[in-house]
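> What follows is coords_36.cif; its format and atoms are mmCIF, C-alpha atoms and all ligand atoms.
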```cif
data_input
loop_
_atom_site.label_atom_id
_atom_site.label_comp_id
_atom_site.auth_asym_id
_atom_site.auth_seq_id
_atom_site.Cartn_x
_atom_site.Cartn_y
_atom_site.Cartn_z
CA MET A 2 0.00 0.00 0.00
CA SER A 3 1.12 3.57 -0.59
CA GLY A 4 1.12 4.75 3.03
CA LYS A 5 -1.32 7.57 2.12
CA LEU A 6 -4.62 7.82 3.98
CA GLU A 7 -7.50 9.83 2.55
CA PRO A 8 -10.56 9.29 4.74
CA GLY A 9 -12.98 10.67 2.14
CA GLN A 10 -11.88 8.01 -0.36
CA LEU A 11 -12.75 5.02 1.82
CA GLN A 12 -15.51 2.87 0.37
CA ASP A 13 -17.31 2.19 3.67
CA PRO A 14 -18.57 5.56 5.03
CA ALA A 15 -18.53 4.11 8.57
CA LEU A 16 -14.73 3.96 8.35
CA ARG A 17 -14.27 7.63 7.49
CA PRO A 18 -14.59 9.19 10.99
CA ILE A 19 -12.33 6.45 12.33
CA ALA A 20 -9.78 7.19 9.61
CA GLU A 21 -9.82 10.86 10.68
CA LYS A 22 -8.84 9.75 14.17
CA VAL A 23 -6.08 7.52 12.79
CA LEU A 24 -4.78 10.36 10.65
CA SER A 25 -4.54 12.74 13.60
CA GLY A 26 -3.17 10.09 15.97
CA ARG A 27 -6.22 10.04 18.25
CA ARG A 28 -7.03 6.86 20.16
CA LEU A 29 -9.86 4.66 18.85
CA ALA A 30 -12.87 3.90 21.06
CA ALA A 31 -14.24 0.41 21.66
CA ALA A 32 -17.16 1.26 19.37
CA ASP A 33 -14.66 2.06 16.59
CA ALA A 34 -13.04 -1.35 16.95
CA ALA A 35 -16.48 -2.97 16.60
CA VAL A 36 -17.03 -1.03 13.35
CA LEU A 37 -13.62 -2.14 12.06
CA TYR A 38 -14.36 -5.82 12.79
CA ALA A 39 -17.76 -5.52 11.09
CA THR A 40 -16.68 -3.76 7.89
CA ASN A 41 -16.38 -5.55 4.56
CA ASP A 42 -14.12 -2.79 3.24
CA LEU A 43 -11.00 -4.85 3.81
CA LEU A 44 -8.82 -2.67 1.61
CA GLY A 45 -9.98 0.49 3.41
CA LEU A 46 -9.14 -1.16 6.71
CA GLY A 47 -5.76 -2.19 5.31
CA VAL A 48 -4.92 1.35 4.16
CA MET A 49 -5.69 2.65 7.66
CA ALA A 50 -3.66 -0.04 9.42
CA ASP A 51 -0.75 0.35 7.01
CA PHE A 52 -0.73 4.08 7.70
CA ALA A 53 -0.67 3.49 11.48
CA ASN A 54 2.05 0.86 11.14
CA ARG A 55 4.28 2.99 8.92
CA ARG A 56 4.02 5.84 11.40
CA GLN A 57 5.37 3.51 14.12
CA ASN A 58 7.72 1.19 12.23
CA GLY A 59 8.42 2.76 8.84
CA ASP A 60 8.99 0.00 6.29
CA ARG A 61 10.90 -2.24 8.74
CA VAL A 62 9.61 -5.75 9.39
CA PHE A 63 11.09 -7.73 12.26
CA PHE A 64 11.75 -11.45 12.39
CA SER A 65 13.70 -13.77 14.64
CA ALA A 66 15.87 -16.81 14.12
CA ASN A 67 14.16 -18.95 16.71
CA GLN A 68 13.58 -22.53 17.76
CA HIS A 69 10.30 -23.71 19.30
CA ILE A 70 10.68 -26.36 21.99
CA ASN A 71 7.67 -28.05 23.61
CA PRO A 72 8.97 -30.09 26.56
CA THR A 73 5.67 -31.91 27.23
CA ASN A 74 2.16 -32.21 25.81
CA VAL A 75 0.76 -33.71 29.02
CA CYS A 76 -1.79 -31.27 30.37
CA VAL A 77 -4.21 -31.30 33.30
CA LEU A 78 -6.61 -29.23 31.18
CA ARG A 79 -6.68 -31.90 28.43
CA ASN A 80 -10.40 -32.53 28.76
CA THR A 81 -11.59 -28.98 29.34
CA CYS A 82 -9.74 -26.83 26.77
CA THR A 83 -11.88 -28.07 23.93
CA PHE A 84 -10.10 -26.05 21.22
CA CYS A 85 -6.67 -27.58 21.81
CA SER A 86 -5.35 -30.51 19.76
CA PHE A 87 -1.90 -30.59 21.36
CA ALA A 88 -2.67 -31.70 24.93
CA ARG A 89 -2.74 -35.34 26.10
CA MET A 90 -3.59 -37.19 29.32
CA PRO A 91 -0.46 -38.74 30.90
CA LYS A 92 -1.24 -42.26 29.62
CA GLU A 93 -2.95 -41.30 26.40
CA ASP A 94 -1.57 -42.28 22.98
CA GLY A 95 0.93 -39.71 21.79
CA ALA A 96 1.63 -38.28 25.27
CA TYR A 97 5.30 -37.31 25.76
CA THR A 98 7.50 -35.67 28.36
CA ARG A 99 11.12 -34.89 27.52
CA SER A 100 13.94 -35.38 29.99
CA LEU A 101 16.27 -32.41 30.38
CA GLU A 102 18.90 -34.25 28.35
CA GLU A 103 16.37 -34.70 25.53
CA VAL A 104 15.54 -30.97 25.62
CA PHE A 105 19.26 -30.12 25.48
CA ALA A 106 19.74 -32.57 22.61
CA GLU A 107 16.89 -30.94 20.67
CA ALA A 108 18.32 -27.48 21.39
CA ALA A 109 21.81 -28.55 20.30
CA GLN A 110 20.98 -27.85 16.65
CA ALA A 111 21.02 -24.15 17.60
CA ALA A 112 24.81 -24.46 17.77
CA GLY A 113 25.09 -24.75 13.97
CA ALA A 114 22.25 -22.35 13.17
CA PRO A 115 21.69 -18.59 13.47
CA THR A 116 19.29 -19.18 16.41
CA ARG A 117 18.83 -16.22 18.78
CA GLU A 118 15.73 -17.31 20.67
CA PHE A 119 14.27 -20.43 22.24
CA HIS A 120 10.46 -20.30 22.42
CA ILE A 121 9.47 -22.85 25.09
CA VAL A 122 5.86 -23.73 25.90
CA GLY A 123 4.04 -26.92 26.82
CA GLY A 124 1.18 -28.53 28.71
CA LEU A 125 0.39 -28.20 32.43
CA HIS A 126 2.10 -31.37 33.59
CA PRO A 127 0.81 -32.54 37.00
CA LYS A 128 4.25 -33.67 38.18
CA LEU A 129 6.92 -31.48 36.55
CA ARG A 130 8.14 -29.08 39.23
CA LEU A 131 9.61 -25.61 38.99
CA GLU A 132 13.08 -27.16 39.41
CA TYR A 133 12.68 -28.96 36.05
CA TYR A 134 12.16 -25.63 34.29
CA THR A 135 14.85 -23.67 36.15
CA ALA A 136 17.36 -26.47 35.43
CA MET A 137 16.26 -26.42 31.77
CA LEU A 138 16.76 -22.66 31.47
CA ARG A 139 20.14 -22.79 33.26
CA GLY A 140 21.28 -25.66 31.05
CA LEU A 141 20.20 -23.86 27.88
CA ARG A 142 21.83 -20.61 28.93
CA GLU A 143 25.09 -22.40 29.73
CA ARG A 144 25.11 -24.25 26.42
CA HIS A 145 23.86 -21.33 24.26
CA PRO A 146 24.84 -18.10 26.04
CA GLY A 147 23.85 -15.83 23.13
CA VAL A 148 20.33 -17.21 22.80
CA HIS A 149 17.39 -15.46 24.50
CA ILE A 150 14.81 -17.61 26.26
CA LYS A 151 11.13 -16.75 25.79
CA ALA A 152 9.43 -19.36 27.93
CA LEU A 153 6.23 -20.44 29.65
CA THR A 154 2.83 -18.86 29.21
CA ALA A 155 0.99 -17.13 32.06
CA VAL A 156 -1.06 -20.32 32.40
CA GLU A 157 2.07 -22.40 32.99
CA ILE A 158 3.44 -19.83 35.47
CA ALA A 159 0.19 -19.92 37.47
CA HIS A 160 0.17 -23.74 37.37
CA LEU A 161 3.75 -23.90 38.72
CA ALA A 162 2.86 -21.43 41.48
CA ARG A 163 -0.08 -23.65 42.45
CA ILE A 164 1.86 -26.90 42.60
CA GLU A 165 4.82 -25.29 44.39
CA LYS A 166 2.49 -23.39 46.75
CA VAL A 167 4.35 -20.14 46.09
CA THR A 168 3.32 -16.89 44.42
CA GLU A 169 3.46 -16.28 40.69
CA ARG A 170 5.98 -13.54 41.46
CA GLU A 171 8.27 -16.08 43.12
CA VAL A 172 8.01 -18.40 40.12
CA LEU A 173 8.86 -15.54 37.76
CA ILE A 174 11.83 -14.45 39.89
CA ALA A 175 13.19 -18.03 39.96
CA LEU A 176 12.82 -18.33 36.18
CA ARG A 177 14.42 -14.94 35.61
CA GLU A 178 17.39 -15.96 37.74
CA ALA A 179 17.67 -19.13 35.68
CA GLY A 180 17.84 -17.18 32.41
CA LEU A 181 14.30 -16.23 31.31
CA THR A 182 14.25 -13.25 28.93
CA SER A 183 10.53 -12.81 28.22
CA LEU A 184 7.15 -14.56 28.31
CA PRO A 185 5.26 -15.70 25.21
CA GLY A 186 1.69 -14.53 24.77
CA GLY A 187 -0.19 -17.84 24.69
CA GLY A 188 -3.05 -18.93 26.92
CA ALA A 189 -4.99 -15.67 26.67
CA GLU A 190 -7.57 -17.16 24.26
CA VAL A 191 -10.52 -14.74 24.65
CA PHE A 192 -10.98 -13.16 28.07
CA SER A 193 -14.82 -13.16 28.04
CA THR A 194 -16.14 -15.34 30.87
CA ALA A 195 -18.87 -16.77 28.65
CA VAL A 196 -16.40 -17.78 25.93
CA ARG A 197 -14.00 -19.29 28.46
CA ALA A 198 -16.88 -21.28 29.99
CA THR A 199 -17.40 -22.82 26.53
CA ILE A 200 -13.86 -23.39 25.26
CA ALA A 201 -11.54 -23.34 28.29
CA GLU A 202 -13.66 -23.91 31.35
CA ARG A 203 -10.91 -24.58 33.88
CA LYS A 204 -8.17 -22.40 32.48
CA LEU A 205 -6.91 -19.26 34.22
CA THR A 206 -9.48 -16.44 33.97
CA GLY A 207 -8.76 -13.38 31.85
CA ALA A 208 -8.11 -11.33 35.00
CA GLU A 209 -5.65 -13.98 36.24
CA TRP A 210 -3.83 -14.09 32.88
CA LEU A 211 -3.46 -10.31 33.00
CA ARG A 212 -2.30 -10.48 36.63
CA VAL A 213 0.62 -12.77 35.72
CA HIS A 214 1.64 -10.44 32.88
CA ARG A 215 1.35 -7.42 35.17
CA VAL A 216 3.69 -9.05 37.70
CA ALA A 217 6.13 -9.98 34.93
CA HIS A 218 6.13 -6.37 33.71
CA GLU A 219 6.69 -5.12 37.27
CA LEU A 220 9.72 -7.40 37.45
CA GLY A 221 11.05 -5.98 34.19
CA ILE A 222 10.21 -9.13 32.20
CA PRO A 223 8.61 -8.11 28.89
CA THR A 224 5.84 -10.28 27.48
CA ASN A 225 3.78 -10.90 24.35
CA CYS A 226 0.01 -11.05 24.10
CA THR A 227 -2.42 -12.96 21.91
CA MET A 228 -6.10 -13.47 21.11
CA LEU A 229 -7.51 -16.72 19.75
CA TYR A 230 -10.20 -15.80 17.18
CA GLY A 231 -12.52 -17.57 14.80
CA HIS A 232 -14.43 -19.93 17.14
CA VAL A 233 -17.46 -18.95 19.29
CA GLU A 234 -16.45 -15.40 20.20
CA THR A 235 -18.50 -12.36 19.13
CA ILE A 236 -17.19 -9.01 17.93
CA ALA A 237 -18.04 -7.61 21.38
CA ASP A 238 -15.86 -10.32 22.99
CA ARG A 239 -12.93 -9.46 20.72
CA VAL A 240 -13.24 -5.76 21.45
CA GLU A 241 -13.44 -6.37 25.21
CA HIS A 242 -10.30 -8.54 24.97
CA LEU A 243 -8.36 -5.86 23.10
CA GLU A 244 -9.53 -3.21 25.57
CA MET A 245 -8.19 -5.28 28.46
CA LEU A 246 -4.81 -5.70 26.74
CA ARG A 247 -4.61 -2.00 25.92
CA GLY A 248 -5.61 -1.11 29.49
CA LEU A 249 -2.78 -3.14 31.02
CA GLN A 250 -0.31 -1.79 28.49
CA ASP A 251 -1.24 1.79 29.45
CA GLU A 252 -0.19 0.95 32.99
CA THR A 253 2.93 -1.16 32.44
CA HIS A 254 4.21 -0.80 28.84
CA GLY A 255 5.46 -4.36 29.12
CA PHE A 256 3.88 -5.93 26.02
CA LEU A 257 6.22 -6.17 23.04
CA THR A 258 3.96 -7.59 20.37
CA TYR A 259 0.35 -8.70 19.82
CA ILE A 260 -0.28 -11.91 17.89
CA PRO A 261 -3.83 -12.70 16.75
CA LEU A 262 -4.09 -16.52 16.64
CA ALA A 263 -6.46 -18.12 14.13
CA TYR A 264 -8.44 -21.05 15.57
CA HIS A 265 -7.69 -24.38 13.85
CA PRO A 266 -10.54 -26.88 14.11
CA GLU A 267 -8.88 -30.24 13.30
CA HIS A 268 -8.54 -32.98 15.92
CA ASN A 269 -10.25 -31.15 18.74
CA GLU A 270 -13.64 -31.41 20.41
CA LEU A 271 -14.66 -27.82 19.66
CA GLY A 272 -14.09 -28.24 15.93
CA GLU A 273 -16.36 -31.33 15.98
CA GLU A 274 -19.02 -29.61 18.08
CA LEU A 275 -19.12 -26.55 15.83
CA GLY A 276 -19.13 -28.69 12.68
CA ARG A 277 -16.05 -26.74 11.62
CA VAL A 278 -13.63 -29.58 10.80
CA GLY A 279 -12.02 -28.77 7.45
CA THR A 280 -12.89 -25.07 7.65
CA ALA A 281 -10.33 -22.86 9.34
CA THR A 282 -10.59 -19.06 9.44
CA THR A 283 -10.69 -17.21 6.12
CA GLY A 284 -7.95 -14.96 4.76
CA PHE A 285 -10.40 -12.08 5.06
CA GLU A 286 -10.74 -12.68 8.82
CA ASP A 287 -7.00 -13.20 9.27
CA LEU A 288 -6.15 -9.87 7.65
CA LYS A 289 -8.87 -8.09 9.64
CA ALA A 290 -7.47 -9.53 12.88
CA ILE A 291 -4.06 -8.04 12.09
CA ALA A 292 -5.38 -4.67 10.92
CA VAL A 293 -7.76 -4.13 13.85
CA GLY A 294 -4.97 -5.12 16.25
CA ARG A 295 -2.68 -2.48 14.73
CA LEU A 296 -5.32 0.24 14.82
CA PHE A 297 -6.76 -0.37 18.28
CA LEU A 298 -3.61 -1.36 20.19
CA ASP A 299 -1.91 1.99 19.64
CA ASN A 300 0.36 1.44 22.64
CA ILE A 301 1.77 -1.98 21.64
CA PRO A 302 4.83 -1.49 19.43
CA HIS A 303 4.55 -4.58 17.21
CA ILE A 304 1.88 -6.76 15.59
CA LYS A 305 3.03 -10.26 14.71
CA THR A 306 1.83 -12.75 12.12
CA HIS A 307 2.34 -16.42 12.99
CA TRP A 308 3.06 -17.84 9.52
CA PRO A 309 2.68 -21.58 10.41
CA MET A 310 -0.90 -20.77 11.35
CA VAL A 311 -2.07 -18.58 8.45
CA THR A 312 0.47 -19.69 5.77
CA PRO A 313 3.56 -17.73 4.69
CA PHE A 314 1.53 -16.31 1.81
CA MET A 315 -1.08 -14.76 4.10
CA SER A 316 1.67 -13.54 6.45
CA GLN A 317 3.32 -11.79 3.53
CA VAL A 318 0.06 -10.06 2.58
CA ALA A 319 -0.45 -9.13 6.26
CA LEU A 320 2.64 -6.91 5.92
CA ALA A 321 0.47 -4.55 3.85
CA PHE A 322 -2.29 -4.66 6.51
CA GLY A 323 -0.49 -3.21 9.53
CA CYS A 324 1.82 -6.08 10.45
CA ASP A 325 5.53 -5.43 11.15
CA ASP A 326 6.62 -8.66 12.83
CA VAL A 327 6.86 -12.17 11.37
CA GLU A 328 7.24 -15.29 13.52
CA GLY A 329 10.69 -16.73 12.94
CA THR A 330 12.39 -19.81 11.62
CA VAL A 331 10.39 -21.79 14.26
CA VAL A 332 12.05 -25.22 13.90
CA TYR A 333 9.69 -27.14 14.64
CA GLU A 334 6.06 -26.09 14.98
CA ARG A 335 3.84 -28.64 16.76
CA ILE A 336 0.76 -26.96 18.26
CA TYR A 337 -0.82 -25.85 14.97
CA HIS A 338 0.23 -28.96 13.11
CA ASP A 339 -1.58 -31.10 15.68
CA ALA A 340 -4.64 -28.94 14.89
CA GLY A 341 -4.41 -29.49 11.14
CA ALA A 342 -2.01 -26.80 9.85
CA GLN A 343 -0.70 -27.78 6.39
CA THR A 344 2.24 -25.38 6.37
CA GLU A 345 5.90 -26.29 6.73
CA ARG A 346 7.16 -26.79 10.28
CA GLN A 347 10.09 -24.42 9.83
CA MET A 348 11.18 -21.57 7.58
CA PRO A 349 14.73 -21.07 6.29
CA TYR A 350 16.37 -17.87 7.53
CA LEU A 351 16.70 -16.47 4.02
CA GLY A 352 13.15 -17.59 3.25
CA LEU A 353 12.01 -15.06 5.86
CA VAL A 354 14.24 -12.36 4.42
CA GLU A 355 12.81 -13.04 0.98
CA LEU A 356 9.22 -13.14 2.24
CA ILE A 357 9.63 -9.67 3.77
CA ARG A 358 11.49 -8.18 0.81
CA GLY A 359 8.85 -9.61 -1.52
CA ALA A 360 6.29 -7.40 0.24
CA GLY A 361 8.43 -4.32 -0.47
CA LYS A 362 9.55 -4.08 3.16
CA ARG A 363 12.92 -3.97 4.88
CA PRO A 364 13.79 -7.07 6.93
CA VAL A 365 15.36 -6.62 10.35
CA GLU A 366 16.49 -9.63 12.34
CA ARG A 367 15.69 -8.99 16.00
CA ASN A 368 16.27 -10.75 19.29
CA SER A 369 13.52 -11.44 21.87
CA LEU A 370 13.75 -7.84 23.11
CA TYR A 371 13.39 -6.40 19.60
CA GLU A 372 16.97 -5.20 19.55
CA THR A 373 18.41 -5.29 16.04
CA VAL A 374 20.67 -8.26 15.33
CA ARG A 375 21.16 -7.78 11.59
CA GLU A 376 19.86 -5.46 8.88
CA SER A 377 22.12 -6.40 5.99
CA PHE A 378 21.81 -9.87 4.55
CA ASP A 379 24.13 -9.69 1.55
CA ASP A 380 26.82 -11.73 3.29
CA VAL A 381 24.39 -14.38 4.53
CA THR A 382 25.02 -17.52 2.53
CA PRO A 383 24.70 -21.24 3.17
CA PRO A 384 25.46 -22.88 5.64
CA HIS A 385 23.92 -19.92 7.55
CA GLU A 386 20.96 -20.75 5.35
CA PRO A 387 19.91 -24.33 5.98
CA GLY A 388 17.26 -24.62 3.29
CA ARG A 389 15.76 -23.23 0.10
CA ARG A 390 15.87 -19.55 -0.73
CA SER A 391 12.35 -19.36 -2.11
CA LEU A 392 9.06 -19.10 -0.21
CA PRO A 393 8.15 -22.46 1.26
CA VAL A 394 5.43 -24.41 -0.48
CA VAL A 395 2.11 -24.94 1.29
CA HIS A 396 1.21 -28.57 0.79
CA ALA A 397 -2.32 -29.41 -0.20
CA ALA A 398 -4.26 -31.32 2.50
O1 LIG A 401 -2.15 -20.51 23.83
C1 LIG A 401 -3.96 -23.96 20.83
C2 LIG A 401 -3.29 -21.53 20.68
C3 LIG A 401 -1.38 -20.87 21.59
C4 LIG A 401 -5.13 -24.13 19.04
O2 LIG A 401 4.39 -15.18 22.08
C5 LIG A 401 -4.58 -22.87 19.13
O3 LIG A 401 5.71 -15.01 20.37
C6 LIG A 401 -5.55 -22.32 17.17
O4 LIG A 401 0.75 -18.53 21.95
N1 LIG A 401 -6.12 -23.52 17.02
C7 LIG A 401 0.09 -21.16 21.61
N2 LIG A 401 -4.79 -21.96 18.21
C8 LIG A 401 0.82 -20.39 20.50
C9 LIG A 401 1.24 -19.04 20.98
C10 LIG A 401 2.31 -18.32 20.25
C11 LIG A 401 2.66 -18.69 18.98
C12 LIG A 401 3.68 -18.00 18.33
C13 LIG A 401 4.36 -16.97 18.97
C14 LIG A 401 4.00 -16.62 20.25
C15 LIG A 401 4.74 -15.54 20.96
C16 LIG A 401 2.96 -17.29 20.91
O5 LIG A 401 -1.91 -21.56 20.51
C17 LIG A 401 -2.22 -21.30 22.72
C18 LIG A 401 -3.58 -21.23 22.12
O6 LIG A 401 -4.08 -19.94 22.19
N3 LIG A 401 -3.90 -22.79 20.25
N4 LIG A 401 -4.73 -24.81 20.09
C19 LIG A 401 -5.94 -24.45 17.93
N5 LIG A 401 -6.54 -25.63 17.79
#
```
Hey, can you dump this file as structure tokens for me?


Amino acid sequence: MSGKLEPGQLQDPALRPIAEKVLSGRRLAAADAAVLYATNDLLGLGVMADFANRRQNGDRVFFSANQHINPTNVCVLRNTCTFCSFARMPKEDGAYTRSLEEVFAEAAQAAGAPTREFHIVGGLHPKLRLEYYTAMLRGLRERHPGVHIKALTAVEIAHLARIEKVTEREVLIALREAGLTSLPGGGAEVFSTAVRATIAERKLTGAEWLRVHRVAHELGIPTNCTMLYGHVETIADRVEHLEMLRGLQDETHGFLTYIPLAYHPEHNELGEELGRVGTATTGFEDLKAIAVGRLFLDNIPHIKTHWPMVTPFMSQVALAFGCDDVEGTVVYERIYHDAGAQTERQMPYLGLVELIRGAGKRPVERNSLYETVRESFDDVTPPHEPGRRSLPVVHAA
């Protein structure tokens, strides 16, 4: 998009007063966000979000060379988070729990790769204690001193506090001492009590999720935030969720990036119940989720697209709809693939560079704290690049 915003030119007249606000840098109201979610003028929405993004980030798009590690899929919420395809009961087929040595062995490939971040999340295991995680973080930091560790969602932090009978603050302090850099944004789903009662009955409440992030921010630990969309939530639920994120950010300024997460309906109870198996969110919805996030969350610096979830192609288009942050090399994605994602499980480093350049943007490799690692890629050649140079192919189902 051109980066120009002319409110009078927008096709949907309902967008014009909102565009005036965007143009003059005024904050959008909740009612505005509802209008944005409801509009069918996707291109108008995109022009507005692109304008807001360029004002904050210019033509830079951030990405990270990261490795996702999921130490266990055993989860005490297995039977109550009906949207999740990753979790297993301890004795169920496919259940796994890695020993620390297995985690270190999986992480060892970072030694020969450009990896700058470990992204570590998993199930709520009934028996794994805080000591398992602190030893994991210490071991990873010792073996890979230059790699940041973004680990454990608010839900996992609260679970550890419960089983250790300590406060969430104490858990966070112990993890920080062991090498934690930041928290990922998972587990937020949609904060609405009614939605949670339907899709995540026994999970942390929205207020509790926010409380853990608030404590992290107070301790100087930055975090990410998410919203799971495209299931039973209404526009009002989405707007309320974004308002709650924006409200906490006004107080703490601890959120780094917002990642809208598209619900995947394969191999989970909710998908069956809704009759949605085989029909994930549409590209239209995915782009709206990015654009509304950029426009409403004026105090969150970055908006991230998770390419394994929406495809690299949609992530590339999202860069023209307000997005300035692309999930990294990933190596290897599991959560979305268990839920039916047909994308690759990893992206070559130069594949990301090419994806961003192909959208007319300037790639910037960042670390977990969004500090610049690299802006020039001319000298990056194999073996730095472990795969193809072109955009990865999305396999047909
Ligand atoms: O919390 C689980 C979601 C999240 C499904 O912080 C599902 O940088 C869709 O939070 N369909 C985990 N979504 C992923 C996540 C994340 C990903 C990438 C980067 C970052 C970051 C965070 O995945 C869960 C849940 O909201 N999820 N099952 C499903 N069937």

> Tell me, counting all atoms listed in the file, for each residue of chain A within 7 Å of ligand LIG 401 (chain A), which pair of atoms is nearest and how far apart they are in Å to one decimal, in rows ordered by chain and increasing number, as JSON lines.


```
{"residue": "A:Phe84", "atom": "CA", "partner": "A:LIG401", "partner_atom": "N5", "distance": 5.0}
{"residue": "A:Cys85", "atom": "CA", "partner": "A:LIG401", "partner_atom": "N4", "distance": 3.8}
{"residue": "A:Ser86", "atom": "CA", "partner": "A:LIG401", "partner_atom": "N5", "distance": 5.4}
{"residue": "A:Phe87", "atom": "CA", "partner": "A:LIG401", "partner_atom": "N4", "distance": 6.6}
{"residue": "A:Leu184", "atom": "CA", "partner": "A:LIG401", "partner_atom": "O2", "distance": 6.8}
{"residue": "A:Pro185", "atom": "CA", "partner": "A:LIG401", "partner_atom": "O2", "distance": 3.3}
{"residue": "A:Gly186", "atom": "CA", "partner": "A:LIG401", "partner_atom": "O2", "distance": 3.9}
{"residue": "A:Gly187", "atom": "CA", "partner": "A:LIG401", "partner_atom": "O4", "distance": 3.0}
{"residue": "A:Gly188", "atom": "CA", "partner": "A:LIG401", "partner_atom": "O1", "distance": 3.6}
{"residue": "A:Ala189", "atom": "CA", "partner": "A:LIG401", "partner_atom": "O6", "distance": 6.3}
{"residue": "A:Glu190", "atom": "CA", "partner": "A:LIG401", "partner_atom": "O6", "distance": 4.9}
{"residue": "A:Asn225", "atom": "CA", "partner": "A:LIG401", "partner_atom": "O2", "distance": 4.9}
{"residue": "A:Cys226", "atom": "CA", "partner": "A:LIG401", "partner_atom": "O2", "distance": 6.3}
{"residue": "A:Thr227", "atom": "CA", "partner": "A:LIG401", "partner_atom": "O4", "distance": 6.4}
{"residue": "A:Met228", "atom": "CA", "partner": "A:LIG401", "partner_atom": "O6", "distance": 6.9}
{"residue": "A:Leu229", "atom": "CA", "partner": "A:LIG401", "partner_atom": "O6", "distance": 5.3}
{"residue": "A:Ile260", "atom": "CA", "partner": "A:LIG401", "partner_atom": "C14", "distance": 6.8}
{"residue": "A:Leu262", "atom": "CA", "partner": "A:LIG401", "partner_atom": "N2", "distance": 5.7}
{"residue": "A:Ala263", "atom": "CA", "partner": "A:LIG401", "partner_atom": "C6", "distance": 5.3}
{"residue": "A:Tyr264", "atom": "CA", "partner": "A:LIG401", "partner_atom": "C6", "distance": 3.5}
{"residue": "A:His265", "atom": "CA", "partner": "A:LIG401", "partner_atom": "N1", "distance": 3.6}
{"residue": "A:Pro266", "atom": "CA", "partner": "A:LIG401", "partner_atom": "N5", "distance": 5.6}
{"residue": "A:Glu267", "atom": "CA", "partner": "A:LIG401", "partner_atom": "N5", "distance": 6.8}
{"residue": "A:Asn269", "atom": "CA", "partner": "A:LIG401", "partner_atom": "N5", "distance": 6.7}
{"residue": "A:His307", "atom": "CA", "partner": "A:LIG401", "partner_atom": "C12", "distance": 5.7}
{"residue": "A:Glu328", "atom": "CA", "partner": "A:LIG401", "partner_atom": "C13", "distance": 6.4}
{"residue": "A:Ile336", "atom": "CA", "partner": "A:LIG401", "partner_atom": "C1", "distance": 6.2}
{"residue": "A:Tyr337", "atom": "CA", "partner": "A:LIG401", "partner_atom": "C19", "distance": 6.1}
{"residue": "A:Ala340", "atom": "CA", "partner": "A:LIG401", "partner_atom": "N5", "distance": 4.8}
```

> Which of these, A:Asn71, A:Gln110, A:Asn80, A:Ser193, has the shortest distance to Tyr97 (chain A) once you count only C-alpha atoms?

A:Asn71

> Please identify all polymer residues lying at most 10 Å from the point (9.6, -4.6, 11.8) (file coordinates), using all atoms listed in the file, and present the result as a ChimeraX atom specification.

/A:54-55,57-64,302-305,320,324-327,357,362-367,371,373

> State, in Å with one decimal place, the distance from CA of Lys92 (chain A) to CA of Lys128 (chain A).

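So the two atoms, CA of Lys92 (chain A) and CA of Lys128 (chain A), lie 13.3 Å apart.
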
> So, counting all atoms listed in the file, which residue among A:Pro223, A:Pro72, A:Glu103, A:Ala66 is closest to Val148 (chain A)?

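Of the candidates, the smallest distance to Val148 (chain A) is held by A:Ala66.
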
> Any idea what the distance is between CA of Ala342 (chain A) and CA of Cys82 (chain A)?

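If I compute the distance from CA of Ala342 (chain A) to CA of Cys82 (chain A), I get 18.6 Å.
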
> Quick check, in Å to one decimal: how far apart do CA of Val172 (chain A) and CA of Thr154 (chain A) lie?

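CA of Thr154 (chain A) lies at a distance of 12.1 Å from CA of Val172 (chain A).
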
> Hey, what's within 12 Å of Leu11 (chain A) if we count only C-alpha atoms and toss same-chain stuff fewer than 2 positions away? As an NGL selection string, please?

:A and (5-9 or 13-21 or 40-49)

> My list of candidates is A:Ala39, A:Ala50, A:Leu356, A:Met310. Which is closest to Leu24 (chain A) when distances are computed with only C-alpha atoms?

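The closest residue to Leu24 (chain A) is A:Ala50.
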
> Using all atoms listed in the file, can you tell me which of A:Ala34, A:Ala290, A:Leu78, A:Ala198 comes closest to Glu157 (chain A)?

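Closest candidate: A:Leu78.
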
> Between A:Cys76, A:Ala30, A:Ala136, A:Ile158, which one has atoms that come closest to Gly123 (chain A), using all atoms listed in the file?

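Among the listed residues, the smallest separation from Gly123 (chain A) belongs to A:Cys76.
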
> Could you give me, as a ChimeraX atom specification, the residues that have an atom at most 10 Å away from the point (-9.9, -9.5, 9.6) in the coordinates of the file, using all atoms listed in the file?

/A:37-41,43,46-47,230-231,261,282-294,322

> Please save C-alpha atoms of the selected residues as a compact mmCIF listing (two decimals), keeping the file's coordinate frame.


```
# COMPACT_ATOMS: atom_id res chain seq x y z
CA LEU A 37 -13.62 -2.14 12.06
CA TYR A 38 -14.36 -5.82 12.79
CA ALA A 39 -17.76 -5.52 11.09
CA THR A 40 -16.68 -3.76 7.89
CA ASN A 41 -16.38 -5.55 4.56
CA LEU A 43 -11.00 -4.85 3.81
CA LEU A 46 -9.14 -1.16 6.71
CA GLY A 47 -5.76 -2.19 5.31
CA TYR A 230 -10.20 -15.80 17.18
CA GLY A 231 -12.52 -17.57 14.80
CA PRO A 261 -3.83 -12.70 16.75
CA THR A 282 -10.59 -19.06 9.44
CA THR A 283 -10.69 -17.21 6.12
CA GLY A 284 -7.95 -14.96 4.76
CA PHE A 285 -10.40 -12.08 5.06
CA GLU A 286 -10.74 -12.68 8.82
CA ASP A 287 -7.00 -13.20 9.27
CA LEU A 288 -6.15 -9.87 7.65
CA LYS A 289 -8.87 -8.09 9.64
CA ALA A 290 -7.47 -9.53 12.88
CA ILE A 291 -4.06 -8.04 12.09
CA ALA A 292 -5.38 -4.67 10.92
CA VAL A 293 -7.76 -4.13 13.85
CA GLY A 294 -4.97 -5.12 16.25
CA PHE A 322 -2.29 -4.66 6.51
```
